[in-house]
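Just below is one structure, and these are the notes that go with it.
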There are 2 protein chains.
Amino acid sequence: MTEKKVGIIGVGMTKFGEHWDMSYRDLVIGAGTKAIMDAGIEGKDINEIYVGSMSPGTLIGQEHIGALVADYVGLVGIGATRVEAACASGGLALRQAYLSVKSGRNDIVVAGGAEKMTDVPTPQAAVSLAGAGDEEWEAFNGATFPALYALMAQRHIYEYGTTLEQISEVSVKSHYNASLNPTAQFRFKVTLEQVMNSAPVAMPLRLLHCSPITDGAATIILASEEKTRELTDNPVWICASALSTDTLALHDRESLSRTDAAVIAGRNAYAQAGITQEDIDFAEVHDCFSIAEIMAIEALGFCDFGEGGKITENGETGIDGRIPINTSGGLKAKGHPVGATGIAQAIEVALQLRGEAGERQVKDAEIGLTHNVGGSGATCAVHIFSR
Amino acid sequence: MTEKKVGIIGVGMTKFGEHWDMSYRDLVIGAGTKAIMDAGIEGKDINEIYVGSMSPGTLIGQEHIGALVADYVGLVGIGATRVEAACASGGLALRQAYLSVKSGRNDIVVAGGAEKMTDVPTPQAAVSLAGAGDEEWEAFNGATFPALYALMAQRHIYEYGTTLEQISEVSVKSHYNASLNPTAQFRFKVTLEQVMNSAPVAMPLRLLHCSPITDGAATIILASEEKTRELTDNPVWICASALSTDTLALHDRESLSRTDAAVIAGRNAYAQAGITQEDIDFAEVHDCFSIAEIMAIEALGFCDFGEGGKITENGETGIDGRIPINTSGGLKAKGHPVGATGIAQAIEVALQLRGEAGERQVKDAEIGLTHNVGGSGATCAVHIFSR
């Protein structure tokens, strides 16, 4: 196959948060319209749509999301496909859209992600989210996601001596970064003391180690190399898209303190892009719980296994650090409308590479990475982007 | 792009029916194993998986289906993506797998589909299925699927003089064909009188005009031209894959008696394959209700609009007729485990083209078509296959 370059020509997202006055449809329209305006195209220029959404069936009683989006953004007739991989649904929608352009089949393809989580009581949302794990072995027996990540945290602490202070520093950084991000759900800073004394959820994890329930949508518009150069002077290129899987249930894995799907997807992504982890200037990683950020930066090779807590504590992952992580505020503080998260990560990377990240801009950002996880790590999608 | 040929090297499905002793996982393993054995390959030869499933979140409390399937068929590590488009989920999984091979990216890709519908009470399954329509405008107001298709049937009767006898003849034919199909859910024949006197569901539709609640899984293995020729002496080729959308809600359409997404997808598929509808020897179409088969054969051009009832009544759609439709028994009598249906349609076409359809074999079958619909027609995927 002649490999084609794929560019990003438009991005748009709603503010993440509790949108009591907006439906799923309103969110999708909001994000989609912004992306189309950002790209400077018209709806009729779009060839195909991929949408990531995890649980609209249980959260809003609506499946058939691809057709819904095509209909509500005024594009009836074109192909529209929903993809789902739990919290990695957005990353997989991005991947399918990327492959659609890369194959030469289409010129302009939309990748969207959305979730409306506040229309059901929080316990019901937790039950929906538990569908990302192994229903028969985990959820049925009461192992919701805080419990699963608490097991991983306990094991990380046991194996590597990772401290609660280190895990908490992830949250402090996330909230600081979110305070600089107008689209973030929680735009307030927190202190280490506040994090460590917040309400216990599943020990060692406390409230401020956990990402929230969020409403939101995010849209990114991809184009072929020719179309990208025609439509924008400030292109961002996708250099790699890798996808890997692990066992659905935590107990089937070789290690609880390592996410192998991320190791494999990361390695494959670096190979596709022809670079190493040292070439990555910054990354958005899947910190559904703060321990997950530590495990992610280890799996991606930004530090050795067991060192994730330490490099967080010494500031290497801050906006001005060696490898800035989650400049957006991450899932923890930007918010985590599950289907939208993978797309929103890519938007943050695109804004950084365009130099449009405002107060949270990473200096001289040339190459960025996104790491989007489904469940407790059974799916991982890694994308690499460059200016 | 250099266009690559895509072949079918293996097919496998569970019997469709009420599988009280089998879980979703058992169904997936059953169908997957059969397909791998049929292809004569090993699991490690598989590059990627696409799975179609509509509502596992509401039906079995499980999302994250791609990773689940990769895990339970022993392929942890490879990329696995669930796609959803309501009852067209299987057709869209087939399409993504086809595109994956066609782009030259992968050699051997699996397309699977599954649904486990009997683990919840039937009214709850009906609520899940209603998520295929427009939740805010249709389901919320009580318009379940029998009601929506009843509206279409009423309009078809009003506009074209289609008779209840004609609609009922679809069911008589479906049950007859299913009596010849070992994988079908309902292997008994019904008379015109039985269909017309069956219990009213949503007038004019009666029980024997409606497809059932079904458990089942179906798997198809696709390969590049070189791999296909290497692995089988009796290849089936995919000549076209087209996808189109219509408005999610019925009331937004120009016509209630015509499914425009099928018209567009059909037209695009014929163009891709370089043929016309006259070249199609037989087809599997989406008869979730018997009126839907009549509308499908009209949309695909096998007869003029308004003539679907007549050509059914005069036997043109029978196994030995001019254009055999639903030799498998269709959704009506073969069963309709929604996510699996699109894949099972392709399996029936593959078996016919291989000459392996036993007592229901279509003579001299050279080119077959599948038509898989989501909701009341908001998604339609059309595939064309040849020997």
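Chain labels follow the order of the structure tokens: the first chain is A, the next B, and so on; residue numbering restarts at 1 in every chain, and ligands are counted from 1 in their shown order.
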
- Using only C-alpha atoms, find the residues of chain A whose closest atom to chain B is at most 7 Å away, then write them as a count of residues only. 38

- Task: Tell me, as a ChimeraX atom specification, which residues lie within 8 Å of B:Arg360, counting only C-alpha atoms; anything in the same chain fewer than 2 positions away does not count.
- Result: /B:177,180-181,319,327-328,357-358,362

Take the residues from that selection and write them out as a PDB file, in the first residue's frame, keeping N, CA and C atoms.
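This is the output file again.pdb:
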ATOM      1  N   ASN B 177     -38.121 -21.959   4.011  1.00  0.00           N
ATOM      2  CA  ASN B 177     -36.674 -21.997   3.810  1.00  0.00           C
ATOM      3  C   ASN B 177     -35.950 -22.419   5.091  1.00  0.00           C
ATOM      4  N   LEU B 180     -35.344 -25.943   5.926  1.00  0.00           N
ATOM      5  CA  LEU B 180     -34.239 -26.598   5.214  1.00  0.00           C
ATOM      6  C   LEU B 180     -32.877 -26.172   5.760  1.00  0.00           C
ATOM      7  N   ASN B 181     -32.878 -25.330   6.806  1.00  0.00           N
ATOM      8  CA  ASN B 181     -31.620 -24.757   7.310  1.00  0.00           C
ATOM      9  C   ASN B 181     -31.330 -25.236   8.730  1.00  0.00           C
ATOM     10  N   ILE B 319     -36.877 -20.130  -3.505  1.00  0.00           N
ATOM     11  CA  ILE B 319     -35.547 -20.692  -3.784  1.00  0.00           C
ATOM     12  C   ILE B 319     -35.373 -20.974  -5.271  1.00  0.00           C
ATOM     13  N   THR B 327     -32.931 -17.321   1.519  1.00  0.00           N
ATOM     14  CA  THR B 327     -32.925 -18.785   1.481  1.00  0.00           C
ATOM     15  C   THR B 327     -32.629 -19.374   2.858  1.00  0.00           C
ATOM     16  N   SER B 328     -32.005 -18.579   3.716  1.00  0.00           N
ATOM     17  CA  SER B 328     -31.661 -19.034   5.074  1.00  0.00           C
ATOM     18  C   SER B 328     -32.889 -19.170   5.970  1.00  0.00           C
ATOM     19  N   ALA B 357     -25.111 -25.211   0.352  1.00  0.00           N
ATOM     20  CA  ALA B 357     -26.342 -24.835   1.048  1.00  0.00           C
ATOM     21  C   ALA B 357     -27.354 -25.979   1.123  1.00  0.00           C
ATOM     22  N   GLY B 358     -26.919 -27.171   0.758  1.00  0.00           N
ATOM     23  CA  GLY B 358     -27.766 -28.359   0.955  1.00  0.00           C
ATOM     24  C   GLY B 358     -29.099 -28.253   0.252  1.00  0.00           C
ATOM     25  N   VAL B 362     -29.376 -22.637  -4.113  1.00  0.00           N
ATOM     26  CA  VAL B 362     -29.831 -21.933  -5.302  1.00  0.00           C
ATOM     27  C   VAL B 362     -29.006 -22.441  -6.480  1.00  0.00           C
TER      28      VAL B 362
END

- Message: Need to verify the contact set: A:Phe188, 8 Å, only C-alpha atoms, exclusion of same-chain residues closer than 2 positions in sequence. Can you return it as a PyMOL selection string?
- Response: chain A and resi 175-176+178-179+186+190

- Selection: 7 Å around stretch 299-310 of chain B, only C-alpha atoms, excl. self and same-chain fewer than 3 positions, as a ChimeraX atom specification: /B:160,162,166-167,258-259,262-263,266,277,294-296,313-314

- Message: Ranking B:Cys210, B:Leu250, B:Ile384, B:Ala350 by minimum distance to B:Arg267 and counting only C-alpha atoms, which one comes first?
- Response: B:Ile384

- Query: Do you know which residues are at most 12 Å from B:Glu193 counting only C-alpha atoms, after dropping those on the same chain fewer than 6 positions away, and could you put them as an MDAnalysis selection string?
  - Reply: chainID B and resid 164:165 168:169 171:172 206 208

Store the residues picked out above, limited to all heavy atoms, as an mmCIF file, in the first residue's frame.
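Below you can see part_18.cif, which holds the result:
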data_model
loop_
_atom_site.group_PDB
_atom_site.id
_atom_site.type_symbol
_atom_site.label_atom_id
_atom_site.label_comp_id
_atom_site.auth_asym_id
_atom_site.auth_seq_id
_atom_site.Cartn_x
_atom_site.Cartn_y
_atom_site.Cartn_z
ATOM 1 N N LEU B 164 -52.424 -7.929 2.870
ATOM 2 C CA LEU B 164 -51.944 -8.676 4.020
ATOM 3 C C LEU B 164 -51.530 -10.090 3.604
ATOM 4 O O LEU B 164 -50.615 -10.677 4.186
ATOM 5 C CB LEU B 164 -53.044 -8.738 5.083
ATOM 6 C CG LEU B 164 -52.541 -8.848 6.514
ATOM 7 C CD1 LEU B 164 -51.604 -7.706 6.860
ATOM 8 C CD2 LEU B 164 -53.701 -8.883 7.484
ATOM 9 N N GLU B 165 -52.201 -10.610 2.577
ATOM 10 C CA GLU B 165 -51.812 -11.924 2.053
ATOM 11 C C GLU B 165 -50.373 -11.872 1.535
ATOM 12 O O GLU B 165 -49.585 -12.787 1.781
ATOM 13 C CB GLU B 165 -52.746 -12.359 0.906
ATOM 14 C CG GLU B 165 -54.115 -12.851 1.326
ATOM 15 C CD GLU B 165 -55.074 -11.711 1.676
ATOM 16 O OE1 GLU B 165 -54.679 -10.514 1.583
ATOM 17 O OE2 GLU B 165 -56.224 -12.002 2.057
ATOM 18 N N SER B 168 -47.952 -11.686 4.293
ATOM 19 C CA SER B 168 -47.921 -12.984 4.975
ATOM 20 C C SER B 168 -47.166 -14.035 4.169
ATOM 21 O O SER B 168 -46.546 -14.942 4.742
ATOM 22 C CB SER B 168 -49.352 -13.454 5.253
ATOM 23 O OG SER B 168 -50.040 -12.482 6.029
ATOM 24 N N GLU B 169 -47.201 -13.917 2.849
ATOM 25 C CA GLU B 169 -46.469 -14.884 2.008
ATOM 26 C C GLU B 169 -44.963 -14.810 2.270
ATOM 27 O O GLU B 169 -44.247 -15.796 2.081
ATOM 28 C CB GLU B 169 -46.761 -14.648 0.519
ATOM 29 C CG GLU B 169 -48.155 -15.076 0.072
ATOM 30 C CD GLU B 169 -48.361 -16.586 0.006
ATOM 31 O OE1 GLU B 169 -47.461 -17.355 0.407
ATOM 32 O OE2 GLU B 169 -49.455 -17.009 -0.441
ATOM 33 N N SER B 171 -43.623 -14.487 5.187
ATOM 34 C CA SER B 171 -43.400 -15.345 6.354
ATOM 35 C C SER B 171 -43.513 -16.818 5.984
ATOM 36 O O SER B 171 -42.751 -17.652 6.494
ATOM 37 C CB SER B 171 -44.415 -15.008 7.454
ATOM 38 O OG SER B 171 -44.391 -13.629 7.748
ATOM 39 N N VAL B 172 -44.480 -17.147 5.132
ATOM 40 C CA VAL B 172 -44.642 -18.542 4.714
ATOM 41 C C VAL B 172 -43.358 -19.029 4.038
ATOM 42 O O VAL B 172 -42.840 -20.102 4.338
ATOM 43 C CB VAL B 172 -45.852 -18.681 3.760
ATOM 44 C CG1 VAL B 172 -45.917 -20.097 3.179
ATOM 45 C CG2 VAL B 172 -47.151 -18.337 4.498
ATOM 46 N N ARG B 206 -48.821 -9.082 12.646
ATOM 47 C CA ARG B 206 -49.161 -10.118 13.607
ATOM 48 C C ARG B 206 -47.891 -10.882 13.982
ATOM 49 O O ARG B 206 -46.822 -10.653 13.405
ATOM 50 C CB ARG B 206 -50.205 -11.053 13.002
ATOM 51 C CG ARG B 206 -51.548 -10.342 12.816
ATOM 52 C CD ARG B 206 -52.527 -11.138 12.002
ATOM 53 N NE ARG B 206 -53.810 -10.441 11.948
ATOM 54 C CZ ARG B 206 -54.821 -10.648 12.822
ATOM 55 N NH1 ARG B 206 -54.704 -11.535 13.800
ATOM 56 N NH2 ARG B 206 -55.946 -9.966 12.706
ATOM 57 N N LEU B 208 -46.611 -13.701 13.455
ATOM 58 C CA LEU B 208 -45.815 -14.400 12.439
ATOM 59 C C LEU B 208 -45.311 -13.477 11.319
ATOM 60 O O LEU B 208 -44.767 -13.932 10.319
ATOM 61 C CB LEU B 208 -46.586 -15.605 11.882
ATOM 62 C CG LEU B 208 -46.696 -16.769 12.887
ATOM 63 C CD1 LEU B 208 -47.628 -17.860 12.363
ATOM 64 C CD2 LEU B 208 -45.331 -17.369 13.216
#

- Query: Could you name the residues that touch stretch 329-337 of chain A at 7 Å or less, counting only C-alpha atoms, but leaving out those on the same chain fewer than 6 positions away, as a list in words?
  - Reply: Phe16, Gly17, Ala114, Glu115, Lys116, Met117, Ser171, Ser174, His175, Asn177, Ala178, Ala184, Gln185, Phe186, Cys210, Ser211, Pro212, Ile213, Thr214, Asp215, Gly216, Glu284, His286, Asp287, Cys288 and Phe289 of chain A

- Query: Running DSSP on the backbone, which parts of stretch 53-296 of chain A land in helix (DSSP H, G or I), as a PyMOL selection string?
  - Reply: chain A and resi 56-59+65-72+89-102+122-130+139-141+145-160+164-179+192-196+207-209+225-231+250-252+260-273+277-279+290-296

- Near B:Ala202, within 8 Å and counting only C-alpha atoms, which residues show up once chain neighbours fewer than 6 positions away are dropped, as a count of residues only? 3

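Nearest residue to B:Gly339, choosing from B:Ile8, B:Met13, B:Ala218, B:Leu207 and counting only C-alpha atoms: B:Ala218.
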
- Task: Would you mind reading off the distance between atom CA of B:His251 and atom CA of B:Leu151, one decimal, in Å?
- Result: 10.1 Å

- Filtered DSSP result for stretch 131-342 of chain B, state strand (DSSP E), as a PyMOL selection string: chain B and resi 200-202+205-206+216-224+236-245+282-284

- Looking at B:Thr312, B:Thr191, B:Asp26, B:Val110, which one is nearest to B:Thr163, with distances taken over only C-alpha atoms? B:Thr312
